[in-house]
Every structure is written in structure tokens, then in C-alpha cells.
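Enquirer: For reference, this is data.pdb, and it has PDB, C-alpha atoms.
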```
ATOM      1  CA  MET O  54     -17.143 -35.445 -20.890
ATOM      2  CA  ARG O  55     -16.786 -32.488 -23.228
ATOM      3  CA  ILE O  56     -15.297 -29.091 -22.304
ATOM      4  CA  SER O  57     -15.781 -25.911 -24.339
ATOM      5  CA  GLY O  58     -13.676 -22.785 -23.997
ATOM      6  CA  PHE O  59     -15.136 -19.372 -24.779
ATOM      7  CA  SER O  60     -14.243 -15.693 -24.759
ATOM      8  CA  PHE O  61     -14.889 -12.363 -26.479
ATOM      9  CA  ALA O  62     -12.809  -9.398 -27.598
ATOM     10  CA  ARG O  63     -12.604  -6.264 -29.668
ATOM     11  CA  ASN O  64      -9.396  -4.359 -30.482
ATOM     12  CA  ALA O  65      -7.407  -6.913 -28.480
ATOM     13  CA  THR O  66      -4.169  -6.527 -30.452
ATOM     14  CA  ARG O  67      -4.405  -2.752 -30.576
ATOM     15  CA  LEU O  68      -4.844  -2.575 -26.790
ATOM     16  CA  TYR O  69      -2.200  -5.186 -25.880
ATOM     17  CA  TYR O  70      -4.508  -7.966 -24.706
ATOM     18  CA  PRO O  71      -2.930 -11.455 -24.691
ATOM     19  CA  LEU O  72      -6.085 -13.023 -26.154
ATOM     20  CA  ARG O  73      -4.146 -15.416 -28.368
ATOM     21  CA  GLU O  74      -2.165 -16.586 -25.350
ATOM     22  CA  ALA O  75      -5.343 -16.962 -23.273
ATOM     23  CA  ILE O  76      -6.833 -19.278 -25.886
ATOM     24  CA  LEU O  77      -3.613 -21.245 -26.336
ATOM     25  CA  SER O  78      -3.280 -21.733 -22.584
ATOM     26  CA  ILE O  79      -6.346 -23.984 -22.362
ATOM     27  CA  LEU O  80      -6.574 -25.226 -25.951
ATOM     28  CA  PRO O  81      -5.038 -28.619 -24.992
ATOM     29  CA  LEU O  82      -7.782 -29.036 -22.375
ATOM     30  CA  VAL O  83     -10.884 -28.080 -24.349
ATOM     31  CA  ASP O  84     -12.678 -29.815 -27.214
ATOM     32  CA  GLU O  85     -13.547 -26.481 -28.830
ATOM     33  CA  PHE O  86     -12.930 -22.794 -28.237
ATOM     34  CA  VAL O  87     -15.578 -20.273 -29.292
ATOM     35  CA  VAL O  88     -14.589 -16.613 -29.429
ATOM     36  CA  ALA O  89     -16.839 -13.673 -30.316
ATOM     37  CA  ILE O  90     -14.717 -11.016 -32.022
ATOM     38  CA  GLY O  91     -16.251  -7.595 -32.450
ATOM     39  CA  LYS O  92     -15.442  -5.396 -35.419
ATOM     40  CA  GLY O  93     -12.450  -3.368 -34.311
ATOM     41  CA  ASP O  94     -10.844  -0.081 -35.184
ATOM     42  CA  ALA O  95      -8.718   0.411 -38.285
ATOM     43  CA  GLY O  96      -5.456  -1.486 -38.000
ATOM     44  CA  ASP O  97      -6.618  -3.922 -35.340
ATOM     45  CA  GLU O  98      -5.527  -7.479 -36.117
ATOM     46  CA  THR O  99      -7.411  -9.423 -33.459
ATOM     47  CA  ARG O 100      -9.286 -11.680 -35.853
ATOM     48  CA  ALA O 101      -6.197 -12.481 -37.912
ATOM     49  CA  SER O 102      -4.237 -13.210 -34.733
ATOM     50  CA  ILE O 103      -6.774 -15.799 -33.579
ATOM     51  CA  ALA O 104      -7.236 -17.299 -37.041
ATOM     52  CA  SER O 105      -3.462 -17.771 -37.260
ATOM     53  CA  ILE O 106      -3.614 -20.359 -34.474
ATOM     54  CA  ASP O 107      -5.002 -22.586 -37.233
ATOM     55  CA  SER O 108      -6.725 -25.099 -34.974
ATOM     56  CA  PRO O 109      -9.906 -26.989 -35.894
ATOM     57  CA  LYS O 110     -11.005 -26.464 -32.285
ATOM     58  CA  ILE O 111     -11.401 -22.695 -32.739
ATOM     59  CA  ARG O 112     -14.631 -21.120 -33.958
ATOM     60  CA  ILE O 113     -14.796 -17.360 -34.488
ATOM     61  CA  ILE O 114     -18.115 -15.521 -34.330
ATOM     62  CA  ASP O 115     -17.933 -12.089 -35.956
ATOM     63  CA  THR O 116     -20.015  -9.491 -34.121
ATOM     64  CA  GLU O 117     -20.920  -5.797 -34.082
ATOM     65  CA  TRP O 118     -20.965  -4.066 -30.710
ATOM     66  CA  ASP O 119     -24.004  -1.966 -29.733
ATOM     67  CA  LEU O 120     -23.124   0.249 -26.771
ATOM     68  CA  ASP O 121     -26.431   2.106 -27.002
ATOM     69  CA  SER O 122     -28.469  -1.051 -26.441
ATOM     70  CA  PHE O 123     -26.017  -2.448 -23.886
ATOM     71  CA  PRO O 124     -24.600   0.495 -21.877
ATOM     72  CA  ARG O 125     -22.690   0.531 -18.561
ATOM     73  CA  GLY O 126     -20.423  -2.347 -19.529
ATOM     74  CA  MET O 127     -23.263  -4.712 -20.405
ATOM     75  CA  GLU O 128     -22.005  -5.160 -23.972
ATOM     76  CA  ASN O 129     -19.168  -7.177 -22.439
ATOM     77  CA  ALA O 130     -21.735  -9.532 -20.901
ATOM     78  CA  HIS O 131     -23.746  -9.611 -24.129
ATOM     79  CA  GLN O 132     -20.683 -10.621 -26.142
ATOM     80  CA  THR O 133     -19.802 -13.247 -23.535
ATOM     81  CA  ASP O 134     -23.292 -14.716 -23.835
ATOM     82  CA  ILE O 135     -23.028 -14.822 -27.635
ATOM     83  CA  ALA O 136     -19.948 -17.020 -27.349
ATOM     84  CA  LYS O 137     -21.416 -19.090 -24.514
ATOM     85  CA  ALA O 138     -24.597 -19.859 -26.455
ATOM     86  CA  ALA O 139     -22.535 -21.396 -29.264
ATOM     87  CA  CYS O 140     -20.697 -23.823 -26.963
ATOM     88  CA  THR O 141     -21.535 -27.530 -27.003
ATOM     89  CA  GLY O 142     -19.611 -28.875 -23.999
ATOM     90  CA  ASP O 143     -20.828 -30.208 -20.670
ATOM     91  CA  TRP O 144     -18.556 -27.693 -18.940
ATOM     92  CA  LEU O 145     -17.833 -24.229 -20.347
ATOM     93  CA  PHE O 146     -14.448 -22.660 -19.534
ATOM     94  CA  TYR O 147     -14.515 -18.872 -19.775
ATOM     95  CA  LEU O 148     -11.387 -16.762 -20.049
ATOM     96  CA  GLN O 149     -11.320 -13.038 -20.623
ATOM     97  CA  ALA O 150      -8.815 -11.626 -23.084
ATOM     98  CA  ASP O 151      -6.249 -10.831 -20.376
ATOM     99  CA  GLU O 152      -6.542 -14.092 -18.389
ATOM    100  CA  VAL O 153      -4.138 -16.993 -18.872
ATOM    101  CA  VAL O 154      -3.919 -20.428 -17.234
ATOM    102  CA  HIS O 155      -0.590 -22.049 -16.367
ATOM    103  CA  GLU O 156      -0.039 -25.414 -18.018
ATOM    104  CA  GLN O 157       0.645 -26.990 -14.629
ATOM    105  CA  TYR O 158      -3.071 -26.724 -13.813
ATOM    106  CA  LEU O 159      -4.598 -28.352 -16.895
ATOM    107  CA  ALA O 160      -4.606 -31.915 -15.532
ATOM    108  CA  VAL O 161      -5.969 -30.681 -12.195
ATOM    109  CA  ILE O 162      -8.816 -28.831 -13.919
ATOM    110  CA  ARG O 163      -9.753 -31.811 -16.094
ATOM    111  CA  ALA O 164      -9.773 -34.140 -13.094
ATOM    112  CA  ARG O 165     -12.026 -31.776 -11.150
ATOM    113  CA  CYS O 166     -14.451 -31.480 -14.062
ATOM    114  CA  GLU O 167     -14.607 -35.273 -14.323
ATOM    115  CA  GLU O 168     -15.068 -35.647 -10.570
ATOM    116  CA  LEU O 169     -18.035 -33.248 -10.447
ATOM    117  CA  LEU O 170     -19.594 -33.989 -13.832
ATOM    118  CA  HIS O 171     -22.583 -35.850 -12.390
ATOM    119  CA  ASP O 172     -22.937 -33.744  -9.237
ATOM    120  CA  GLU O 173     -25.762 -31.596 -10.581
ATOM    121  CA  ALA O 174     -25.764 -29.354  -7.498
ATOM    122  CA  VAL O 175     -22.439 -27.899  -8.651
ATOM    123  CA  GLU O 176     -23.163 -25.166 -11.192
ATOM    124  CA  GLY O 177     -19.624 -23.896 -11.625
ATOM    125  CA  LEU O 178     -15.981 -24.016 -10.560
ATOM    126  CA  LEU O 179     -14.157 -21.305  -8.633
ATOM    127  CA  PHE O 180     -10.556 -20.308  -9.438
ATOM    128  CA  ARG O 181      -7.985 -18.341  -7.463
ATOM    129  CA  TYR O 182      -6.660 -15.162  -9.064
ATOM    130  CA  ARG O 183      -3.246 -13.537  -9.302
ATOM    131  CA  HIS O 184      -3.376  -9.936 -10.498
ATOM    132  CA  PHE O 185      -0.104  -8.719 -12.002
ATOM    133  CA  TRP O 186       0.576  -4.987 -11.884
ATOM    134  CA  GLY O 187       2.922  -2.870 -13.980
ATOM    135  CA  ASP O 188       5.263  -5.669 -15.018
ATOM    136  CA  TYR O 189       5.570  -9.444 -14.801
ATOM    137  CA  HIS O 190       7.376  -9.381 -11.455
ATOM    138  CA  HIS O 191       4.863  -7.625  -9.198
ATOM    139  CA  TYR O 192       1.330  -8.532  -8.246
ATOM    140  CA  LEU O 193      -1.530  -7.307  -6.073
ATOM    141  CA  ASP O 194      -2.305  -9.146  -2.859
ATOM    142  CA  SER O 195      -4.649  -6.625  -1.341
ATOM    143  CA  HIS O 196      -8.075  -6.378   0.213
ATOM    144  CA  GLY O 197     -10.456  -5.005  -2.404
ATOM    145  CA  TRP O 198      -9.052  -6.983  -5.338
ATOM    146  CA  TYR O 199     -11.051 -10.139  -5.980
ATOM    147  CA  ARG O 200      -9.307 -13.313  -4.887
ATOM    148  CA  ASP O 201     -11.607 -15.812  -6.557
ATOM    149  CA  GLU O 202     -13.923 -15.922  -9.530
ATOM    150  CA  ILE O 203     -16.125 -18.373 -11.448
ATOM    151  CA  ARG O 204     -14.510 -19.429 -14.686
ATOM    152  CA  ILE O 205     -16.145 -22.773 -15.472
ATOM    153  CA  VAL O 206     -19.933 -23.135 -15.629
ATOM    154  CA  ARG O 207     -22.310 -25.854 -16.658
ATOM    155  CA  ASN O 208     -23.848 -25.608 -20.099
ATOM    156  CA  ARG O 209     -27.270 -24.519 -18.937
ATOM    157  CA  PRO O 210     -29.346 -21.928 -20.823
ATOM    158  CA  ASP O 211     -30.374 -20.020 -17.689
ATOM    159  CA  ILE O 212     -26.753 -19.322 -16.687
ATOM    160  CA  HIS O 213     -25.723 -15.953 -18.088
ATOM    161  CA  SER O 214     -22.854 -13.532 -17.956
ATOM    162  CA  TRP O 215     -23.653 -10.839 -15.385
ATOM    163  CA  GLU O 216     -23.156  -7.090 -15.088
ATOM    164  CA  SER O 217     -20.002  -6.252 -17.104
ATOM    165  CA  ALA O 218     -18.968  -9.895 -17.619
ATOM    166  CA  GLN O 219     -16.738 -10.463 -14.620
ATOM    167  CA  SER O 220     -18.914 -13.318 -13.427
ATOM    168  CA  PHE O 221     -22.097 -15.354 -13.962
ATOM    169  CA  ARG O 222     -25.560 -15.772 -12.472
ATOM    170  CA  ARG O 223     -28.557 -17.980 -13.040
ATOM    171  CA  ILE O 224     -31.278 -15.779 -14.554
ATOM    172  CA  PRO O 225     -34.503 -17.689 -15.297
ATOM    173  CA  GLY O 226     -36.596 -16.046 -18.026
ATOM    174  CA  PHE O 227     -33.773 -13.663 -18.960
ATOM    175  CA  ASP O 228     -34.879 -10.933 -21.380
ATOM    176  CA  GLY O 229     -31.566 -10.937 -23.251
ATOM    177  CA  LYS O 230     -30.756  -7.366 -22.330
ATOM    178  CA  SER O 231     -30.863  -6.613 -18.579
ATOM    179  CA  TYR O 232     -27.442  -7.915 -17.582
ATOM    180  CA  ARG O 233     -27.327  -5.711 -14.501
ATOM    181  CA  GLN O 234     -30.603  -6.905 -13.027
ATOM    182  CA  GLN O 235     -30.439  -8.292  -9.507
ATOM    183  CA  GLU O 236     -34.048  -9.185  -8.752
ATOM    184  CA  GLY O 237     -34.870 -12.682  -9.917
ATOM    185  CA  THR O 238     -31.206 -13.688 -10.317
ATOM    186  CA  PHE O 239     -29.367 -16.348  -8.346
ATOM    187  CA  LYS O 240     -25.726 -16.748  -7.378
ATOM    188  CA  LEU O 241     -24.225 -19.956  -8.739
ATOM    189  CA  LYS O 242     -23.425 -22.820  -6.398
ATOM    190  CA  VAL O 243     -19.774 -23.578  -7.013
ATOM    191  CA  SER O 244     -16.945 -25.846  -5.902
ATOM    192  CA  ARG O 245     -13.327 -24.811  -5.775
ATOM    193  CA  VAL O 246     -10.703 -26.095  -8.189
ATOM    194  CA  GLU O 247      -7.090 -25.870  -7.006
ATOM    195  CA  ALA O 248      -5.953 -23.788  -9.936
ATOM    196  CA  GLU O 249      -5.071 -20.165 -10.528
ATOM    197  CA  VAL O 250      -5.859 -17.665 -13.247
ATOM    198  CA  PHE O 251      -3.039 -15.267 -14.114
ATOM    199  CA  HIS O 252      -4.611 -11.873 -14.774
ATOM    200  CA  TYR O 253      -2.487  -9.545 -16.937
ATOM    201  CA  GLY O 254      -5.031  -6.759 -17.319
ATOM    202  CA  TRP O 255      -2.742  -4.248 -15.598
ATOM    203  CA  VAL O 256       0.466  -5.152 -17.435
ATOM    204  CA  ARG O 257       0.961  -2.951 -20.502
ATOM    205  CA  PRO O 258       3.193  -0.150 -21.690
ATOM    206  CA  PRO O 259       1.930   2.901 -19.758
ATOM    207  CA  VAL O 260       0.516   4.641 -22.859
ATOM    208  CA  LEU O 261      -1.430   1.528 -23.842
ATOM    209  CA  MET O 262      -2.577   1.025 -20.260
ATOM    210  CA  GLN O 263      -4.248   4.405 -20.338
ATOM    211  CA  ALA O 264      -5.627   3.719 -23.835
ATOM    212  CA  LYS O 265      -7.215   0.547 -22.459
ATOM    213  CA  ASN O 266      -8.656   2.501 -19.530
ATOM    214  CA  LYS O 267     -10.183   4.964 -22.003
ATOM    215  CA  ALA O 268     -11.673   2.088 -24.024
ATOM    216  CA  LEU O 269     -13.222   0.600 -20.878
ATOM    217  CA  GLY O 270     -14.432   4.044 -19.856
ATOM    218  CA  THR O 271     -16.204   4.338 -23.195
ATOM    219  CA  ILE O 272     -17.894   0.965 -22.729
ATOM    220  CA  HIS O 273     -19.014   1.771 -19.186
ATOM    221  CA  HIS O 274     -19.681   5.523 -19.253
ATOM    222  CA  GLY O 275     -19.916   6.584 -22.895
ATOM    223  CA  ALA O 276     -17.500   8.172 -25.339
ATOM    224  CA  GLU O 277     -18.091  11.752 -24.199
ATOM    225  CA  LYS O 278     -17.218  11.087 -20.561
ATOM    226  CA  ALA O 279     -14.242   8.899 -21.509
ATOM    227  CA  GLN O 280     -12.940  11.655 -23.776
ATOM    228  CA  ALA O 281     -13.305  14.222 -20.994
ATOM    229  CA  THR O 282     -11.504  11.949 -18.509
ATOM    230  CA  TYR O 283      -8.622  10.702 -20.646
ATOM    231  CA  GLY O 284      -8.331  13.205 -23.483
ATOM    232  CA  GLU O 285      -7.853  12.623 -27.181
ATOM    233  CA  VAL O 286      -4.412  11.068 -26.643
ATOM    234  CA  PRO O 287      -4.218   9.543 -23.147
ATOM    235  CA  ALA O 288      -1.145  10.374 -21.060
ATOM    236  CA  PRO O 289       1.007   7.457 -19.841
ATOM    237  CA  PHE O 290      -0.447   5.601 -16.858
ATOM    238  CA  ASP O 291       1.463   5.868 -13.577
ATOM    239  CA  TYR O 292       1.569   2.452 -11.879
ATOM    240  CA  GLY O 293       2.867   4.000  -8.674
ATOM    241  CA  ASP O 294       5.670   2.686  -6.497
ATOM    242  CA  LEU O 295       6.121  -0.999  -7.382
ATOM    243  CA  SER O 296       8.435  -1.552  -4.409
ATOM    244  CA  LEU O 297       5.329  -1.514  -2.214
ATOM    245  CA  LEU O 298       3.975  -4.645  -3.908
ATOM    246  CA  PRO O 299       4.935  -8.307  -3.391
ATOM    247  CA  THR O 300       7.366  -9.838  -5.867
ATOM    248  CA  PHE O 301       6.398 -12.843  -7.938
ATOM    249  CA  THR O 302       8.964 -15.649  -7.765
ATOM    250  CA  GLY O 303       7.113 -18.370  -9.665
ATOM    251  CA  THR O 304       6.921 -19.140 -13.353
ATOM    252  CA  HIS O 305       4.548 -17.698 -15.893
ATOM    253  CA  PRO O 306       2.580 -19.827 -18.358
ATOM    254  CA  GLU O 307       4.772 -20.944 -21.253
ATOM    255  CA  VAL O 308       2.424 -19.332 -23.774
ATOM    256  CA  MET O 309       3.254 -15.922 -22.268
ATOM    257  CA  SER O 310       6.946 -16.120 -23.162
ATOM    258  CA  GLY O 311       6.479 -14.019 -26.304
ATOM    259  CA  PHE O 312       4.568 -11.294 -24.471
ATOM    260  CA  ILE O 313       7.081 -11.266 -21.643
ATOM    261  CA  GLY O 314       9.871 -11.024 -24.193
ATOM    262  CA  LYS O 315       8.334  -7.780 -25.500
ATOM    263  CA  PHE O 316       8.575  -6.116 -22.079
ATOM    264  CA  ASP O 317      10.472  -2.855 -22.655
ATOM    265  CA  TRP O 318       9.008  -0.226 -20.348
ATOM    266  CA  THR O 319      11.188  -0.642 -17.246
ATOM    267  CA  ASP O 320      12.342   2.967 -17.561
ATOM    268  CA  GLN O 321       8.719   4.104 -17.273
ATOM    269  CA  LEU O 322       8.110   2.306 -13.960
ATOM    270  CA  ARG O 323       8.918   3.497 -10.440
ATOM    271  CA  THR O 324      10.293   1.712  -7.378
ATOM    272  CA  SER O 325      10.175   4.735  -5.105
ATOM    273  CA  GLY O 326       8.129   7.851  -4.508
ATOM    274  CA  GLY O 327       4.925   6.303  -3.170
ATOM    275  CA  ALA O 328       1.525   6.219  -4.808
ATOM    276  CA  ALA O 329       0.704   8.063  -8.000
ATOM    277  CA  THR O 330      -0.481  11.658  -7.748
ATOM    278  CA  SER O 331      -1.670  12.051 -11.348
ATOM    279  CA  ARG O 332      -4.745   9.828 -10.912
ATOM    280  CA  PRO O 333      -7.189   8.679  -8.220
ATOM    281  CA  LEU O 334      -5.766   6.088  -5.847
ATOM    282  CA  PHE O 335      -6.652   2.436  -6.341
ATOM    283  CA  LYS O 336      -7.827   0.392  -3.375
ATOM    284  CA  HIS O 337      -4.446  -1.221  -2.779
ATOM    285  CA  GLU O 338      -2.934   2.270  -2.450
ATOM    286  CA  ARG O 339      -5.404   3.607   0.133
ATOM    287  CA  LEU O 340      -4.525   3.496   3.827
ATOM    288  CA  LYS O 341      -7.823   1.863   4.811
ATOM    289  CA  TYR O 342      -7.327  -1.079   2.474
ATOM    290  CA  ARG O 343      -3.657  -1.417   3.316
ATOM    291  CA  LEU O 344      -4.630  -1.763   6.987
ATOM    292  CA  LEU O 345      -7.323  -4.319   6.161
ATOM    293  CA  THR O 346      -4.816  -6.283   4.088
ATOM    294  CA  TRP O 347      -2.315  -6.330   6.971
ATOM    295  CA  ILE O 348      -4.972  -7.545   9.412
ATOM    296  CA  GLU O 349      -6.094 -10.299   7.040
ATOM    297  CA  LYS O 350      -2.549 -11.495   6.394
ATOM    298  CA  TYR O 351      -1.043 -11.329   9.850
ATOM    299  CA  LEU O 352      -3.951 -11.555  12.325
ATOM    300  CA  LEU O 353      -6.570 -13.589  10.462
ATOM    301  CA  ALA O 354      -4.332 -16.124   8.676
ATOM    302  CA  GLY O 355      -5.526 -14.948   5.278
ATOM    303  CA  ARG O 356      -9.251 -14.897   6.033
ATOM    304  CA  GLU O 357     -11.017 -12.068   4.249
ATOM    305  CA  ILE O 358     -12.912  -9.370   6.120
ATOM    306  CA  GLY O 359     -16.340  -8.871   4.563
ATOM    307  CA  GLY O 360     -16.336  -8.346   0.828
ATOM    308  CA  PHE O 361     -18.888  -9.237  -1.842
ATOM    309  CA  HIS O 362     -18.867 -12.741  -3.299
ATOM    310  CA  ASN O 363     -20.960 -13.488  -6.356
ATOM    311  CA  PHE O 364     -21.181 -17.215  -5.615
ATOM    312  CA  GLU O 365     -22.221 -19.770  -3.027
ATOM    313  CA  LEU O 366     -19.269 -22.002  -2.190
ATOM    314  CA  LEU O 367     -20.197 -25.644  -1.628
ATOM    315  CA  LYS O 368     -18.236 -27.913   0.703
ATOM    316  CA  ARG O 369     -17.230 -30.449  -1.925
TER     317      ARG O 369
END
```
Using C-alpha cells, write down the structure from this file.

Expert:
Amino acid sequence: MRISGFSFARNATRLYYPLREAILSILPLVDEFVVAIGKGDAGDETRASIASIDSPKIRIIDTEWDLDSFPRGMENAHQTDIAKAACTGDWLFYLQADEVVHEQYLAVIRARCEELLHDEAVEGLLFRYRHFWGDYHHYLDSHGWYRDEIRIVRNRPDIHSWESAQSFRRIPGFDGKSYRQQEGTFKLKVSRVEAEVFHYGWVRPPVLMQAKNKALGTIHHGAEKAQATYGEVPAPFDYGDLSLLPTFTGTHPEVMSGFIGKFDWTDQLRTSGGAATSRPLFKHERLKYRLLTWIEKYLLAGREIGGFHNFELLKR
């Protein structure tokens, strides 16, 4: 059995993405790691950061992003597919630049891949998610934030990244461009693996958090709209009242120790005052979703009410 890791990034170091840590977190598990690195802005050191790992397992593909040909976030999916197409494993383990796997799960993941290797009905593996918010001590456990996602897929040419690269679909006869198409696409049949992805996409110094939001806004809505929304120099992001969120009492992946050691924005966070007023409310801050979360937790024993799932979960 052979496992490939893959990812993509652009301006990862400039925007405080732990891409290096993401790769290192599963490097002991995979036989190779392919990463598509787009040409970044002046001063970005993403490529050098990944090259410095100095592992024969790592292959870097240098790319140029084309937001005109792949608008509305589809360049993310395009870049994901570039890296995926270069993988040689039986299983392909995808991590985005802000997703890290705890070392305690590596043996569990390998065993599950071995167990299901010859079960051709299983097209992918489903992971639990933990979304950290503001710092490394608080996380989101709210209706409206995805609980599970596909992160391992079989190495099949008709499996493609989908929409803005959060997930995957089987797309027979794919034209190489229409990543947001729904007609003629099929949700993957997946089995669960008892492992968790730590998502650090919302843990950054507030100024860099808003800079990242502007970068994503550019990818999804164009530079003009992103400029109008966030301005030339984005104001610091307000994470809201962190006291309203659950506290994380576990351990973080060892590879994150350096990033966690750089944490220095406590004085820019709040533990009182309620939700932010300087930006639109996120789902976990809205009354409707807070009520749904309470019902799910305390009346439904954790079962989710409705919600979209981009997979078909198999009972095996």
C-alpha cells in the first residue's frame, strides 16, 4: 500500500498559514508529499519554507494562478487537482495549508487505509474536524460549521476537487475547468476514520486574519470587490467574545509548537462584550444557530439537524 500526501498554497508564509506544519504532521505516514506552490507576492517565502524541510518525499510543483479562468474560488480546486494528478499512491491524503493532524492519529489512519484498501466501494475516508478560533485555547462547536470532511481519496482520475476545494466529487468526463458544476457529478462513498483534523484557519494575529480574509475575497469575488470590502490596509479582525466558546483542554500536534510559541496577540482578544459589531455575524454568533446548537447538544445527543453533506457515508 502506498499513500501520497498533497496540498497547494500561495503566500502561505505572508498570510500566516502553517503549511510547513501541515506537511510535517503527516510526512511520517506518507510515501510522498506533492505540493503545488503558486507564485506569491514579493517577500513571500512559502517555497523556501517547504524546501527547507529537505525531505526526499516532498515534490514541489511551481504554478501560476489564473483567477480569470478560474473565478469564484475555483482556482483553489484547480491547484488542488494539479497536485493530486501528480500523486502516485493508492490513497491520496489531502491537507489544506491550515489543517494539521495530531501524531496520535497516524497509526489509526494507516490501519484504516490498509483495512479498506481492497474494498473498492469505499472512495474516500471521512475525518472529524476541530475548528480553532482566535487563539489555541478556544474552538467552534456550533451548528453551521462543518463537523466532517473528506481528506483521503482513492487515486482515481475521475475524482476531482470540487467548488473552492473544500471537498471532492466524482466527475466523469470533467472538462478541467467547471469545478462548480453539479449536474453529472457524484458524491463520494466514504467510510469514517476515527481521527481528527485540527483546523487553524481562524487563528492568526487580527491584522493578518483580515489580510487573509481579503486574499480569500479576491479569489472568490475579485480584487475590486475585496478592495471595497476590506480596504487597502485591512483593519484588525474582531474575533468577538471568546468566553462564549468552549475551551480546548487537549494537546495540539507537536509540529505546531513553534507556531503556538509565536502567539502574542492576547491583548487584542476579548473575553467579554458579546459578538463583534464591526463585521457581519458568523453563524456561531447568530441566535438561530446558537439555539440549533443547544438542541443538538442537549436534546439530540449530538445528532445534527439537517445540514448539507457532500458525501455518502457507508456503514463500514

Enquirer: What lies within 7 Å of segment 360-365 of chain O using only C-alpha atoms, ignoring chain neighbours under 2 positions off, as a ChimeraX atom specification?

Expert: /O:240-243,358,367

Enquirer: Just the residues within 7 Å of segment 215-219 of chain O, please, counting only C-alpha atoms, with nothing from its chain fewer than 3 positions along; format it as an NGL selection string.

Expert: :O and (126-127 or 129-130 or 133 or 222 or 232-233)

Enquirer: I'd like the residues picked by the PyMOL selection byres ((chain O and resi 317) around 12) written out as a list in words, using the chain letters and numbers from the file.

Expert: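 Taken on the displayed file, the PyMOL selection byres ((chain O and resi 317) around 12) yields the residues Gly187, Asp188, Tyr189, Val256, Arg257, Pro258, Pro259, Phe312, Ile313, Gly314, Lys315, Phe316, Trp318, Thr319, Asp320, Gln321 and Leu322 of chain O.
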
Enquirer: Check what the PyMOL selection byres ((chain O and resi 330-339) around 9) selects in the file above and give those residues as a list in words.

Expert: Leu193, Asp194, Ser195, His196, Gly197, Trp198, Phe290, Asp291, Gly293, Gly327, Ala328, Ala329, Leu340, Lys341, Tyr342, Arg343, Leu344 and Thr346 of chain O

Enquirer: Between O:Glu152, O:Asp115, O:Asp84, O:Asp94, which residue has the minimum interatomic distance to Cys140 of chain O, considering all atoms listed in the file?

Expert: O:Asp84

Enquirer: Here's the selection I'm unsure about, the PyMOL selection byres ((chain O and resi 89) around 6); applied to the file above, which residues does it give, as a PyMOL selection string?

Expert: chain O and resi 61+88+90+113-115+136

Enquirer: Given the point (-23.7, -35.0, -14.8) in the coordinates of this file, which residues lie within 12 Å, counting only C-alpha atoms, and how would they look as a short mmCIF file (atom, residue, chain, number, x, y, z; two decimals) with C-alpha atoms, keeping the file's coordinate frame?

Expert:
```cif
data_model
loop_
_atom_site.label_atom_id
_atom_site.label_comp_id
_atom_site.auth_asym_id
_atom_site.auth_seq_id
_atom_site.Cartn_x
_atom_site.Cartn_y
_atom_site.Cartn_z
CA MET O 54 -17.14 -35.44 -20.89
CA ARG O 55 -16.79 -32.49 -23.23
CA GLY O 142 -19.61 -28.88 -24.00
CA ASP O 143 -20.83 -30.21 -20.67
CA TRP O 144 -18.56 -27.69 -18.94
CA CYS O 166 -14.45 -31.48 -14.06
CA GLU O 167 -14.61 -35.27 -14.32
CA GLU O 168 -15.07 -35.65 -10.57
CA LEU O 169 -18.04 -33.25 -10.45
CA LEU O 170 -19.59 -33.99 -13.83
CA HIS O 171 -22.58 -35.85 -12.39
CA ASP O 172 -22.94 -33.74 -9.24
CA GLU O 173 -25.76 -31.60 -10.58
CA ALA O 174 -25.76 -29.35 -7.50
CA VAL O 175 -22.44 -27.90 -8.65
CA GLU O 176 -23.16 -25.17 -11.19
CA ARG O 207 -22.31 -25.85 -16.66
CA ASN O 208 -23.85 -25.61 -20.10
CA ARG O 209 -27.27 -24.52 -18.94
#
```

Enquirer: By how many Å are atom CA of Leu145 of chain O and atom CA of Val87 of chain O apart?

Expert: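 If I compute the distance from atom CA of Leu145 of chain O to atom CA of Val87 of chain O, I get 10.0 Å.
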
Enquirer: If we count only C-alpha atoms and set the cut-off at 10 Å, which residues sit around Ser122 of chain O, ignoring sequence neighbours fewer than 4 positions away in its own chain? Please answer as a list in words.

Expert: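 Neighbouring residues, sequence-local ones excluded: Trp118, Met127, Glu128, Lys230 and Ser231 of chain O.
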
Enquirer: At what distance in Å, to one decimal, does atom CA of Asp121 of chain O lie from atom CA of Asp228 of chain O?

Expert: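 That distance, rounded to one decimal, is 16.5 Å.
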
Enquirer: When you look at Tyr69 of chain O with a cut-off of 12 Å (counting only C-alpha atoms), what residues show up, excluding the ones that are within fewer than 3 positions of it in the same chain? I need them as a count of residues only.

Expert: 31

Enquirer: Using all atoms listed in the file, find the one residue out of O:Leu120, O:Leu159, O:Ala139, O:Leu80 that sits nearest to Ala268 of chain O.

Expert: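 Residue with the minimum atom-to-atom distance to Ala268 of chain O: O:Leu120.
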
Enquirer: Return as AutoDock Vina command-line options the box centre and box size in Å, one decimal, for an axis-aligned box around all listed atoms of segment 235-246 of chain O padded by 5 Å per side.

Expert:
```
--center_x -22.8 --center_y -17.2 --center_z -8.0 --size_x 34.2 --size_y 27.8 --size_z 14.5
```

Enquirer: Which residue is closest to Ser310 of chain O? Choose from O:Ser78, O:Ala164, O:Gln157, O:Gly270 and count all atoms listed in the file.

Expert: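 Looking at the shortest contact to Ser310 of chain O, the residue is O:Ser78.
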
Enquirer: Please, what distance in Å, to one decimal, runs between atom CA of Gly177 of chain O and atom CA of Leu77 of chain O?

Expert: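 The value is 21.9 Å.
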
Enquirer: Tell me, as a list of chain:residue names, which residues lie within 7 Å of segment 244-252 of chain O, counting only C-alpha atoms; anything in the same chain fewer than 6 positions away does not count.

Expert: O:Asp151, O:Glu152, O:Val153, O:Val154, O:Tyr158, O:Ile162, O:Arg165, O:Val175, O:Gly177, O:Leu178, O:Leu179, O:Phe180, O:Arg181, O:Tyr182, O:Arg183, O:His184, O:Phe185, O:Leu366, O:Leu367, O:Arg369

Enquirer: For Ser214 of chain O, which residue out of O:Leu353, O:Ile135, O:Ile348, O:Leu269 is the nearest one, using only C-alpha atoms?

Expert: O:Ile135

Enquirer: Give the answer as one residue: which of O:Ala279, O:His213, O:Ser102, O:Arg200 has the shortest atom-to-atom distance to Gln234 of chain O, using all atoms listed in the file?

Expert: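 Smallest separation from Gln234 of chain O among the options: O:His213.
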